file protein16.csv (CSV, C-alpha atoms and all ligand atoms)
chain,number,residue,atom,x,y,z
A,13,MET,CA,5.0,79.7,83.8
A,14,LEU,CA,5.0,81.3,87.2
A,15,ILE,CA,2.6,84.1,88.0
A,16,VAL,CA,3.5,86.3,90.9
A,17,MET,CA,0.5,88.2,92.3
A,18,GLN,CA,0.8,91.7,93.8
A,19,SER,CA,1.1,91.7,97.6
A,20,ASN,CA,-2.3,93.3,97.9
A,21,ALA,CA,-4.1,91.1,95.3
A,22,THR,CA,-7.5,90.0,96.7
A,23,ASN,CA,-8.7,86.4,96.7
A,24,GLU,CA,-11.1,87.4,93.9
A,25,LYS,CA,-8.3,88.6,91.7
A,26,ILE,CA,-6.3,85.5,92.4
A,27,GLN,CA,-9.3,83.3,91.5
A,28,LYS,CA,-9.8,85.2,88.3
A,29,VAL,CA,-6.2,84.5,87.2
A,30,ILE,CA,-6.7,80.8,88.1
A,31,ASP,CA,-9.9,80.6,86.1
A,32,PHE,CA,-8.2,82.3,83.2
A,33,ILE,CA,-5.3,79.9,83.0
A,34,LYS,CA,-7.6,76.9,83.5
A,35,GLU,CA,-9.7,78.1,80.6
A,36,LYS,CA,-6.6,78.1,78.5
A,37,GLY,CA,-6.0,74.5,79.3
A,38,PHE,CA,-3.4,74.8,82.1
A,39,ASP,CA,-3.3,73.3,85.6
A,40,ALA,CA,-3.0,75.9,88.3
A,41,HIS,CA,-0.7,75.2,91.3
A,42,VAL,CA,-1.1,77.9,94.0
A,43,SER,CA,1.4,78.7,96.6
A,44,LYS,CA,0.5,81.3,99.2
A,45,GLY,CA,3.6,83.0,100.6
A,46,ALA,CA,3.9,85.6,103.4
A,47,ASP,CA,4.0,88.5,100.9
A,48,HIS,CA,2.9,87.1,97.5
A,49,THR,CA,0.7,84.4,96.1
A,50,VAL,CA,2.5,82.6,93.3
A,51,ILE,CA,0.5,80.5,90.7
A,52,GLY,CA,2.3,77.9,88.7
A,53,ALA,CA,0.6,77.3,85.3
A,54,VAL,CA,1.5,73.9,84.1
A,55,GLY,CA,0.5,72.5,80.7
A,56,ARG,CA,1.6,71.6,77.2
A,57,LYS,CA,-0.1,74.4,75.4
A,58,VAL,CA,1.5,77.7,74.4
A,59,MET,CA,0.3,80.8,76.2
A,60,ASP,CA,1.2,84.4,75.5
A,61,LYS,CA,2.8,85.7,78.7
A,62,ARG,CA,1.4,89.2,78.0
A,63,ASP,CA,-2.2,88.0,78.3
A,64,ILE,CA,-1.6,87.2,81.9
A,65,GLU,CA,0.6,90.2,82.6
A,66,LEU,CA,-2.4,92.4,81.8
A,67,LEU,CA,-4.7,90.7,84.3
A,68,ASP,CA,-5.7,92.6,87.4
A,69,GLY,CA,-3.5,92.0,90.4
A,70,VAL,CA,-0.6,90.3,88.5
A,71,LYS,CA,2.9,91.6,89.4
A,72,GLU,CA,5.1,89.5,87.2
A,73,VAL,CA,5.0,86.5,84.9
A,74,ILE,CA,8.1,84.3,84.7
A,75,ARG,CA,8.4,81.8,81.9
A,76,ILE,CA,10.1,78.7,83.1
A,77,THR,CA,9.4,76.2,80.4
A,78,SER,CA,11.3,76.6,77.3
A,79,PRO,CA,9.4,77.5,74.0
A,80,TYR,CA,11.5,74.9,72.2
A,81,LYS,CA,10.4,71.4,71.7
A,82,LEU,CA,11.9,69.4,68.8
A,83,ILE,CA,15.1,71.4,68.5
A,84,SER,CA,15.8,71.0,72.2
A,85,ARG,CA,18.1,68.7,74.0
A,86,VAL,CA,15.2,67.8,76.3
A,87,PHE,CA,13.6,66.2,73.3
A,88,LYS,CA,16.8,64.7,71.9
A,89,PRO,CA,19.8,64.8,74.2
A,90,GLU,CA,22.4,63.5,71.7
A,91,ASP,CA,23.9,65.7,68.9
A,92,THR,CA,22.4,65.5,65.5
A,93,ILE,CA,25.0,64.7,62.9
A,94,ILE,CA,24.1,65.7,59.3
A,95,ASN,CA,26.0,63.9,56.6
A,96,VAL,CA,26.2,65.5,53.2
A,97,ASN,CA,28.5,63.8,50.6
A,98,GLY,CA,30.5,62.2,53.4
A,99,VAL,CA,31.0,65.6,55.1
A,100,LYS,CA,29.6,65.5,58.7
A,101,PHE,CA,28.3,68.4,60.7
A,102,GLY,CA,27.7,68.0,64.4
A,103,GLY,CA,28.9,65.8,67.2
A,104,GLY,CA,32.6,65.3,66.9
A,105,PHE,CA,32.6,66.6,63.3
A,106,SER,CA,33.1,69.9,61.6
A,107,GLY,CA,32.3,70.3,58.0
A,108,MET,CA,33.6,72.8,55.4
A,109,ILE,CA,31.5,74.5,52.7
A,110,ALA,CA,33.2,77.0,50.4
A,111,GLY,CA,32.7,78.8,47.1
A,112,PRO,CA,31.9,82.2,45.7
A,113,CYS,CA,29.1,84.4,46.8
A,114,THR,CA,27.4,84.0,43.5
A,115,VAL,CA,27.5,81.9,40.4
A,116,GLU,CA,28.8,84.1,37.6
A,117,THR,CA,29.9,81.9,34.7
A,118,TYR,CA,30.6,78.2,34.1
A,119,ASP,CA,34.4,79.0,33.9
A,120,GLN,CA,34.4,80.9,37.2
A,121,MET,CA,32.7,78.0,39.0
A,122,ASP,CA,34.9,75.4,37.2
A,123,ILE,CA,38.1,77.1,38.3
A,124,THR,CA,37.0,77.6,41.9
A,125,ALA,CA,35.5,74.2,42.3
A,126,LYS,CA,38.7,72.6,40.9
A,127,LEU,CA,40.9,74.5,43.4
A,128,LEU,CA,38.6,73.8,46.3
A,129,SER,CA,38.2,70.2,45.6
A,130,GLU,CA,42.0,69.9,45.5
A,131,CYS,CA,42.0,71.3,49.0
A,132,GLY,CA,39.6,68.5,50.0
A,133,VAL,CA,36.4,70.6,50.1
A,134,LYS,CA,33.4,68.5,49.2
A,135,ILE,CA,30.6,71.0,49.4
A,136,LEU,CA,30.4,74.0,47.1
A,137,ARG,CA,28.4,77.1,47.7
A,138,GLY,CA,27.2,79.6,45.2
A,139,GLY,CA,24.1,81.8,45.1
A,140,ALA,CA,21.9,81.7,42.0
A,141,PHE,CA,19.0,83.8,43.4
A,142,LYS,CA,20.6,86.7,45.3
A,143,PRO,CA,18.8,88.8,47.9
A,144,ARG,CA,20.4,92.1,47.2
A,145,THR,CA,19.7,95.4,49.1
A,146,SER,CA,19.5,97.3,45.8
A,147,PRO,CA,17.2,96.2,43.0
A,148,TYR,CA,19.8,97.5,40.6
A,149,SER,CA,22.5,95.0,41.9
A,150,PHE,CA,23.1,91.7,40.2
A,151,GLN,CA,20.2,89.4,41.1
A,152,GLY,CA,21.8,86.1,40.2
A,153,LEU,CA,21.6,83.9,37.2
A,154,GLY,CA,18.5,82.0,38.4
A,155,GLU,CA,18.0,78.5,37.1
A,156,GLU,CA,21.0,78.8,34.8
A,157,GLY,CA,23.1,79.4,37.9
A,158,LEU,CA,21.8,76.3,39.6
A,159,LYS,CA,22.5,74.3,36.5
A,160,ILE,CA,26.1,75.5,36.4
A,161,LEU,CA,26.5,74.8,40.1
A,162,ARG,CA,25.2,71.3,39.7
A,163,GLU,CA,27.2,70.5,36.6
A,164,VAL,CA,30.5,71.8,38.0
A,165,ALA,CA,29.9,70.1,41.4
A,166,ASP,CA,29.2,66.7,39.6
A,167,LYS,CA,32.5,67.1,37.7
A,168,TYR,CA,34.5,67.2,41.0
A,169,ASN,CA,32.2,64.9,43.1
A,170,MET,CA,31.0,67.8,45.2
A,171,ALA,CA,27.6,68.5,46.8
A,172,VAL,CA,26.2,72.0,46.6
A,173,THR,CA,24.3,74.6,48.7
A,174,SER,CA,22.5,77.6,47.4
A,175,GLU,CA,20.0,80.0,48.7
A,176,VAL,CA,16.3,79.5,48.2
A,177,MET,CA,14.3,82.7,48.4
A,178,GLU,CA,10.7,81.7,48.1
A,179,VAL,CA,8.3,78.8,48.3
A,180,SER,CA,7.8,78.6,44.5
A,181,GLN,CA,11.5,77.9,43.9
A,182,ILE,CA,11.6,74.8,46.1
A,183,PRO,CA,10.9,72.2,43.3
A,184,LEU,CA,13.8,73.8,41.3
A,185,PHE,CA,16.1,73.5,44.2
A,186,LEU,CA,15.2,69.9,44.9
A,187,LYS,CA,16.3,69.2,41.4
A,188,TYR,CA,19.8,70.8,41.6
A,189,VAL,CA,20.8,71.4,45.2
A,190,ASP,CA,21.9,69.2,48.1
A,191,ILE,CA,21.5,71.7,51.0
A,192,LEU,CA,18.9,74.4,50.7
A,193,GLN,CA,20.1,77.6,52.3
A,194,VAL,CA,17.7,80.0,54.0
A,195,GLY,CA,19.3,83.4,54.0
A,196,ALA,CA,19.4,85.8,56.9
A,197,ARG,CA,16.8,88.0,55.3
A,198,ASN,CA,14.4,85.1,55.1
A,199,MET,CA,14.9,83.6,58.5
A,200,GLN,CA,11.4,84.5,59.5
A,201,ASN,CA,9.7,83.8,56.2
A,202,PHE,CA,7.4,81.4,58.0
A,203,ASN,CA,5.7,80.2,54.8
A,204,LEU,CA,9.1,79.3,53.4
A,205,LEU,CA,10.0,77.5,56.6
A,206,LYS,CA,6.8,75.5,56.6
A,207,SER,CA,7.3,74.4,53.1
A,208,LEU,CA,11.0,73.5,53.8
A,209,GLY,CA,9.7,71.5,56.7
A,210,GLU,CA,8.0,69.2,54.3
A,211,ILE,CA,11.1,68.4,52.2
A,212,ARG,CA,13.6,65.7,53.0
A,213,LYS,CA,16.8,67.5,52.2
A,214,PRO,CA,19.1,69.4,54.6
A,215,VAL,CA,18.4,73.0,55.2
A,216,LEU,CA,21.1,75.5,56.3
A,217,LEU,CA,19.2,78.2,58.3
A,218,LYS,CA,21.1,81.4,58.7
A,219,ARG,CA,20.5,83.7,61.6
A,220,GLY,CA,18.6,86.8,60.8
A,221,LEU,CA,20.4,90.2,60.8
A,222,SER,CA,18.7,91.3,64.0
A,223,ALA,CA,17.4,88.0,65.3
A,224,THR,CA,17.8,86.8,68.8
A,225,ILE,CA,19.0,83.3,69.4
A,226,GLU,CA,15.6,82.4,70.6
A,227,GLU,CA,13.9,83.7,67.4
A,228,TRP,CA,16.4,81.8,65.3
A,229,LEU,CA,15.9,78.6,67.1
A,230,MET,CA,12.1,79.0,66.8
A,231,SER,CA,12.5,79.3,63.1
A,232,ALA,CA,14.4,76.0,63.2
A,233,GLU,CA,11.5,74.6,65.2
A,234,TYR,CA,9.3,75.3,62.2
A,235,LEU,CA,11.4,73.1,60.0
A,236,LEU,CA,11.5,70.3,62.5
A,237,ALA,CA,7.8,70.6,63.3
A,238,GLY,CA,7.1,70.1,59.6
A,239,GLY,CA,9.1,66.8,59.8
A,240,ASN,CA,12.5,67.9,58.4
A,241,ARG,CA,15.1,66.8,61.0
A,242,GLU,CA,18.1,67.8,58.9
A,243,VAL,CA,18.7,71.4,59.9
A,244,ILE,CA,22.1,73.1,60.2
A,245,LEU,CA,22.1,76.4,61.9
A,246,CYS,CA,24.4,79.1,60.6
A,247,GLU,CA,25.7,82.1,62.7
A,248,ARG,CA,26.6,84.8,60.1
A,249,GLY,CA,26.9,87.9,62.3
A,250,ILE,CA,24.3,90.2,63.6
A,251,ARG,CA,23.8,93.9,63.1
A,252,THR,CA,25.2,96.1,65.9
A,253,PHE,CA,26.4,99.7,66.3
A,254,GLU,CA,29.8,98.7,64.9
A,255,HIS,CA,30.5,99.8,61.3
A,256,ILE,CA,34.1,98.7,60.7
A,257,THR,CA,33.0,95.1,60.2
A,258,ARG,CA,29.9,94.3,58.0
A,259,ASN,CA,28.3,92.6,61.0
A,260,THR,CA,29.4,91.5,64.4
A,261,LEU,CA,30.1,87.8,64.7
A,262,ASP,CA,28.4,86.4,67.8
A,263,ILE,CA,30.8,83.6,68.7
A,264,SER,CA,29.0,83.1,72.0
A,265,ALA,CA,26.0,81.8,69.9
A,266,ILE,CA,28.0,78.6,69.4
A,267,PRO,CA,28.1,77.3,73.0
A,268,VAL,CA,24.7,78.9,73.7
A,269,VAL,CA,23.0,77.1,70.9
A,270,GLN,CA,24.9,73.8,71.6
A,271,LYS,CA,23.6,73.8,75.2
A,272,ILE,CA,20.0,74.3,74.2
A,273,SER,CA,19.8,72.4,70.9
A,274,HIS,CA,21.1,69.1,69.4
A,275,LEU,CA,21.3,70.7,66.0
A,276,PRO,CA,24.7,71.5,64.4
A,277,ILE,CA,25.8,75.1,64.2
A,278,VAL,CA,28.2,76.4,61.6
A,279,VAL,CA,29.7,79.8,61.2
A,280,ASP,CA,29.9,82.1,58.2
A,281,PRO,CA,32.9,84.4,58.9
A,282,SER,CA,32.7,86.0,55.4
A,283,HIS,CA,29.3,87.7,55.8
A,284,ALA,CA,30.0,88.2,59.5
A,285,THR,CA,33.0,90.4,58.9
A,286,GLY,CA,32.7,91.5,55.3
A,287,LEU,CA,36.5,91.8,55.2
A,288,ARG,CA,38.9,89.2,53.7
A,289,ASP,CA,41.6,89.7,56.3
A,290,LYS,CA,39.2,89.0,59.1
A,291,VAL,CA,38.0,85.7,57.8
A,292,ALA,CA,40.9,83.6,58.9
A,293,PRO,CA,41.0,84.8,62.5
A,294,MET,CA,37.2,84.5,62.9
A,295,SER,CA,37.2,81.0,61.3
A,296,LYS,CA,39.8,79.9,63.9
A,297,ALA,CA,37.8,81.5,66.7
A,298,ALA,CA,34.7,79.7,65.6
A,299,ILE,CA,36.4,76.3,65.4
A,300,ALA,CA,38.1,76.9,68.8
A,301,ALA,CA,34.7,77.7,70.2
A,302,GLY,CA,33.4,74.3,69.0
A,303,ALA,CA,31.6,75.3,65.7
A,304,ASP,CA,30.3,72.3,63.8
A,305,GLY,CA,31.5,73.7,60.5
A,306,LEU,CA,32.2,76.8,58.4
A,307,ILE,CA,30.9,78.3,55.2
A,308,ILE,CA,33.5,80.5,53.6
A,309,GLU,CA,33.4,82.7,50.4
A,310,VAL,CA,36.3,82.0,48.0
A,311,HIS,CA,36.7,83.5,44.6
A,312,HIS,CA,39.5,82.8,42.0
A,313,SER,CA,39.7,86.5,41.3
A,314,PRO,CA,38.1,88.5,44.1
A,315,GLU,CA,38.9,91.9,42.5
A,316,THR,CA,36.6,91.1,39.6
A,317,ALA,CA,33.9,89.3,41.6
A,318,VAL,CA,30.4,90.4,40.8
A,319,CYS,CA,29.4,90.2,44.5
A,320,ASP,CA,31.2,90.3,47.9
A,321,GLY,CA,34.8,90.3,46.4
A,322,ALA,CA,36.1,92.2,49.5
A,323,GLN,CA,35.2,89.3,51.8
A,324,SER,CA,36.2,86.5,49.5
A,325,LEU,CA,39.4,84.7,50.1
A,326,TYR,CA,42.0,84.0,47.4
A,327,PRO,CA,42.1,80.2,46.8
A,328,GLU,CA,45.7,80.0,48.2
A,329,GLN,CA,44.6,81.9,51.3
A,330,PHE,CA,41.8,79.4,51.7
A,331,ALA,CA,44.1,76.4,51.2
A,332,GLU,CA,46.4,77.6,54.0
A,333,LEU,CA,43.5,78.4,56.3
A,334,TYR,CA,41.9,75.0,55.8
A,335,LYS,CA,45.2,73.3,56.7
A,336,GLU,CA,45.5,75.3,59.9
A,337,LEU,CA,41.9,74.7,60.9
A,338,LYS,CA,42.4,71.0,60.6
A,339,VAL,CA,45.2,71.2,63.2
A,340,LEU,CA,43.2,73.5,65.4
A,341,ALA,CA,40.1,71.3,65.3
A,342,LYS,CA,42.0,68.4,66.9
A,343,VAL,CA,42.6,70.5,70.0
A,344,VAL,CA,38.8,70.8,70.5
A,345,HIS,CA,38.3,67.1,69.7
A,346,LYS,CA,36.7,67.7,66.3
A,347,GLU,CA,37.4,65.9,63.1
A,348,PHE,CA,37.5,68.5,60.3
A,401,LIG,C1,24.9,84.2,51.3
A,401,LIG,O1,25.4,83.3,52.0
A,401,LIG,O2,25.0,84.2,50.1
A,401,LIG,C2,24.2,85.3,51.9
A,401,LIG,C3,23.5,86.2,51.2
A,401,LIG,O3,24.3,85.4,53.2
A,401,LIG,P1,23.3,86.0,54.3
A,401,LIG,O4,21.9,85.5,54.1
A,401,LIG,O5,23.9,85.5,55.6
A,401,LIG,O6,23.4,87.5,54.2
A,402,MN,MN,28.0,86.9,49.8

call {"tool": "encode", "arguments": {"input": "protein16.csv", "output": "structure tokens", "more": "lines below"}}
Ligand code: PEP
Ligand code: MN
result
Amino acid sequence: MLIVMQSNATNEKIQKVIDFIKEKGFDAHVSKGADHTVIGAVGRKVMDKRDIELLDGVKEVIRITSPYKLISRVFKPEDTIINVNGVKFGGGFSGMIAGPCTVETYDQMDITAKLLSECGVKILRGGAFKPRTSPYSFQGLGEEGLKILREVADKYNMAVTSEVMEVSQIPLFLKYVDILQVGARNMQNFNLLKSLGEIRKPVLLKRGLSATIEEWLMSAEYLLAGGNREVILCERGIRTFEHITRNTLDISAIPVVQKISHLPIVVDPSHATGLRDKVAPMSKAAIAAGADGLIIEVHHSPETAVCDGAQSLYPEQFAELYKELKVLAKVVHKEF
């Protein structure tokens, strides 16, 4: 952290800042320029920049060390590759996850899983506990939904992902699910993140609706700090002033995250756009930009879907898209 003092800052004020940062456990490196004195605070601890900004005589505080540790490429330069049921995310690999928004019935899941596995999909999605904006909307089948998901997935040799909403649900999820999904609305549920840091199963961490990339990565840091190194980040669109699409897909998050972090990043074009006809172009854009995978909503009968039918692909649309994506992935040197 660099502390730039005001040009008229007295020696006494400068000394007070030095004493303050030393007290916080940092070394102070002072450089007296013609106009300004600059103090470099060097240390391993975390300091709130605002505490220094408020000190007398301080003009500006510039953070130069990154807040990230375990998620950062400084800590681990090589890409993390996460393997679930033979599907790899990260490095030279892109993985596909597909399925309906929510588990409705055994037959619905059976039909969808069969069609998807015929396309070569090996990871099935389906929410059993749904975070709905309205308390009157379908809230998910709960444990029954997880059971259906597991049973159907086993039938077609698939792995499953589903959203865990609270700490008390974790044991249930460990029983049925291969990847525990943290939804956008829970990205900063720090108690949940801490508990998921203790498990040894992959976590798919969605970006919050209004989260900056830094906030999202700090949430991933919670998981790694707890000891869980298997974290897949998921860009699912952020809220902007645009209303035509459900959210705005931040494609630039892909190269930004990949530069900072070794963790894989996948894209959810379904929740990002909310519109079926936008899913294919956004999937292609994501893969072209180097995404480490996709999570796509597919329903055998979107018109009758209980949830998110408008953004769910028809199985035949998905099959076509997946074929095209495999071709495209080669151009960016990814195996898909
Ligand atoms: C989901 O994937 O089921 C979901 C609810 O997505 P998000 O948390 O990104 O809104
Ligand atoms: Mn959905």

call {"tool": "residues_around", "arguments": {"input": "protein16.csv", "residues": "Pro214 of chain A", "least_positions_apart": "6", "cutoff": "10 Å", "atoms": "only C-alpha atoms", "output": "VMD selection string"}}
result
chain A and resid 94 to 96 173 189 to 193 208 240 to 244

call {"tool": "residues_near_ligand", "arguments": {"input": "protein16.csv", "ligand": "ligand LIG 401 (chain A)", "cutoff": "6 Å", "atoms": "all atoms listed in the file", "output": "NGL selection string"}}
result
:A and (113 or 139 or 195-197 or 218 or 248 or 283)

call {"tool": "residues_near_ligand", "arguments": {"input": "protein16.csv", "ligand": "ligand MN 402 (chain A)", "cutoff": "12 Å", "atoms": "only C-alpha atoms and all ligand atoms", "output": "PDB file with C-alpha atoms, in the frame of the given file"}}
result
ATOM      1  CA  ALA A 110      33.200  77.000  50.400  1.00  0.00           C
ATOM      2  CA  GLY A 111      32.700  78.800  47.100  1.00  0.00           C
ATOM      3  CA  PRO A 112      31.900  82.200  45.700  1.00  0.00           C
ATOM      4  CA  CYS A 113      29.100  84.400  46.800  1.00  0.00           C
ATOM      5  CA  THR A 114      27.400  84.000  43.500  1.00  0.00           C
ATOM      6  CA  VAL A 115      27.500  81.900  40.400  1.00  0.00           C
ATOM      7  CA  ARG A 137      28.400  77.100  47.700  1.00  0.00           C
ATOM      8  CA  GLY A 138      27.200  79.600  45.200  1.00  0.00           C
ATOM      9  CA  GLY A 139      24.100  81.800  45.100  1.00  0.00           C
ATOM     10  CA  ALA A 140      21.900  81.700  42.000  1.00  0.00           C
ATOM     11  CA  PHE A 141      19.000  83.800  43.400  1.00  0.00           C
ATOM     12  CA  LYS A 142      20.600  86.700  45.300  1.00  0.00           C
ATOM     13  CA  PRO A 143      18.800  88.800  47.900  1.00  0.00           C
ATOM     14  CA  ARG A 144      20.400  92.100  47.200  1.00  0.00           C
ATOM     15  CA  THR A 145      19.700  95.400  49.100  1.00  0.00           C
ATOM     16  CA  PHE A 150      23.100  91.700  40.200  1.00  0.00           C
ATOM     17  CA  GLN A 151      20.200  89.400  41.100  1.00  0.00           C
ATOM     18  CA  GLY A 152      21.800  86.100  40.200  1.00  0.00           C
ATOM     19  CA  SER A 174      22.500  77.600  47.400  1.00  0.00           C
ATOM     20  CA  GLU A 175      20.000  80.000  48.700  1.00  0.00           C
ATOM     21  CA  GLY A 195      19.300  83.400  54.000  1.00  0.00           C
ATOM     22  CA  ALA A 196      19.400  85.800  56.900  1.00  0.00           C
ATOM     23  CA  ARG A 248      26.600  84.800  60.100  1.00  0.00           C
ATOM     24  CA  ARG A 258      29.900  94.300  58.000  1.00  0.00           C
ATOM     25  CA  ASP A 280      29.900  82.100  58.200  1.00  0.00           C
ATOM     26  CA  PRO A 281      32.900  84.400  58.900  1.00  0.00           C
ATOM     27  CA  SER A 282      32.700  86.000  55.400  1.00  0.00           C
ATOM     28  CA  HIS A 283      29.300  87.700  55.800  1.00  0.00           C
ATOM     29  CA  ALA A 284      30.000  88.200  59.500  1.00  0.00           C
ATOM     30  CA  THR A 285      33.000  90.400  58.900  1.00  0.00           C
ATOM     31  CA  GLY A 286      32.700  91.500  55.300  1.00  0.00           C
ATOM     32  CA  LEU A 287      36.500  91.800  55.200  1.00  0.00           C
ATOM     33  CA  ARG A 288      38.900  89.200  53.700  1.00  0.00           C
ATOM     34  CA  ILE A 307      30.900  78.300  55.200  1.00  0.00           C
ATOM     35  CA  ILE A 308      33.500  80.500  53.600  1.00  0.00           C
ATOM     36  CA  GLU A 309      33.400  82.700  50.400  1.00  0.00           C
ATOM     37  CA  VAL A 310      36.300  82.000  48.000  1.00  0.00           C
ATOM     38  CA  HIS A 311      36.700  83.500  44.600  1.00  0.00           C
ATOM     39  CA  PRO A 314      38.100  88.500  44.100  1.00  0.00           C
ATOM     40  CA  ALA A 317      33.900  89.300  41.600  1.00  0.00           C
ATOM     41  CA  VAL A 318      30.400  90.400  40.800  1.00  0.00           C
ATOM     42  CA  CYS A 319      29.400  90.200  44.500  1.00  0.00           C
ATOM     43  CA  ASP A 320      31.200  90.300  47.900  1.00  0.00           C
ATOM     44  CA  GLY A 321      34.800  90.300  46.400  1.00  0.00           C
ATOM     45  CA  ALA A 322      36.100  92.200  49.500  1.00  0.00           C
ATOM     46  CA  GLN A 323      35.200  89.300  51.800  1.00  0.00           C
ATOM     47  CA  SER A 324      36.200  86.500  49.500  1.00  0.00           C
ATOM     48  CA  LEU A 325      39.400  84.700  50.100  1.00  0.00           C
TER      49      LEU A 325
END

call {"tool": "atom_distance", "arguments": {"input": "protein16.csv", "atom1": "atom CA of Ile266 of chain A", "atom2": "atom CA of Trp228 of chain A"}}
result
12.7 Å

call {"tool": "closest_residue", "arguments": {"input": "protein16.csv", "among": "A:Leu158, A:Leu235, A:Leu204, A:Val291", "to": "Ile83 of chain A", "atoms": "all atoms listed in the file"}}
result
A:Leu235

call {"tool": "decode", "arguments": {"input": "protein16.csv", "residues": "segment 234-246 of chain A", "atoms": "N, CA, C and O atoms", "output": "mmCIF file, in the first residue's frame"}}
result
data_model
loop_
_atom_site.group_PDB
_atom_site.id
_atom_site.type_symbol
_atom_site.label_atom_id
_atom_site.label_comp_id
_atom_site.auth_asym_id
_atom_site.auth_seq_id
_atom_site.Cartn_x
_atom_site.Cartn_y
_atom_site.Cartn_z
ATOM 1 N N TYR A 234 -12.738 -17.408 0.249
ATOM 2 C CA TYR A 234 -13.276 -18.041 1.454
ATOM 3 C C TYR A 234 -13.232 -19.569 1.334
ATOM 4 O O TYR A 234 -12.905 -20.266 2.275
ATOM 5 N N LEU A 235 -13.629 -20.055 0.161
ATOM 6 C CA LEU A 235 -13.687 -21.509 -0.029
ATOM 7 C C LEU A 235 -12.287 -22.115 0.041
ATOM 8 O O LEU A 235 -12.056 -23.127 0.690
ATOM 9 N N LEU A 236 -11.344 -21.470 -0.635
ATOM 10 C CA LEU A 236 -9.978 -21.984 -0.634
ATOM 11 C C LEU A 236 -9.327 -21.837 0.733
ATOM 12 O O LEU A 236 -8.573 -22.706 1.164
ATOM 13 N N ALA A 237 -9.644 -20.733 1.403
ATOM 14 C CA ALA A 237 -9.064 -20.514 2.730
ATOM 15 C C ALA A 237 -9.519 -21.610 3.693
ATOM 16 O O ALA A 237 -8.795 -21.979 4.615
ATOM 17 N N GLY A 238 -10.723 -22.136 3.460
ATOM 18 C CA GLY A 238 -11.227 -23.221 4.303
ATOM 19 C C GLY A 238 -10.600 -24.563 3.952
ATOM 20 O O GLY A 238 -10.795 -25.548 4.643
ATOM 21 N N GLY A 239 -9.900 -24.626 2.833
ATOM 22 C CA GLY A 239 -9.218 -25.862 2.460
ATOM 23 C C GLY A 239 -9.807 -26.544 1.235
ATOM 24 O O GLY A 239 -9.286 -27.545 0.771
ATOM 25 N N ASN A 240 -10.927 -26.019 0.701
ATOM 26 C CA ASN A 240 -11.506 -26.632 -0.493
ATOM 27 C C ASN A 240 -10.889 -25.989 -1.733
ATOM 28 O O ASN A 240 -11.117 -24.818 -2.020
ATOM 29 N N ARG A 241 -10.109 -26.755 -2.454
ATOM 30 C CA ARG A 241 -9.403 -26.198 -3.609
ATOM 31 C C ARG A 241 -10.178 -26.392 -4.913
ATOM 32 O O ARG A 241 -9.745 -25.963 -5.971
ATOM 33 N N GLU A 242 -11.306 -27.101 -4.838
ATOM 34 C CA GLU A 242 -12.055 -27.413 -6.071
ATOM 35 C C GLU A 242 -13.203 -26.418 -6.266
ATOM 36 O O GLU A 242 -14.354 -26.712 -5.946
ATOM 37 N N VAL A 243 -12.850 -25.282 -6.798
ATOM 38 C CA VAL A 243 -13.847 -24.230 -6.994
ATOM 39 C C VAL A 243 -13.936 -23.880 -8.481
ATOM 40 O O VAL A 243 -12.918 -23.640 -9.135
ATOM 41 N N ILE A 244 -15.156 -23.888 -8.989
ATOM 42 C CA ILE A 244 -15.404 -23.470 -10.374
ATOM 43 C C ILE A 244 -16.200 -22.170 -10.289
ATOM 44 O O ILE A 244 -17.241 -22.123 -9.637
ATOM 45 N N LEU A 245 -15.705 -21.136 -10.914
ATOM 46 C CA LEU A 245 -16.415 -19.858 -10.913
ATOM 47 C C LEU A 245 -17.438 -19.870 -12.038
ATOM 48 O O LEU A 245 -17.206 -20.504 -13.077
ATOM 49 N N CYS A 246 -18.559 -19.182 -11.837
ATOM 50 C CA CYS A 246 -19.563 -19.145 -12.905
ATOM 51 C C CYS A 246 -20.071 -17.718 -13.125
ATOM 52 O O CYS A 246 -20.705 -17.138 -12.245
#
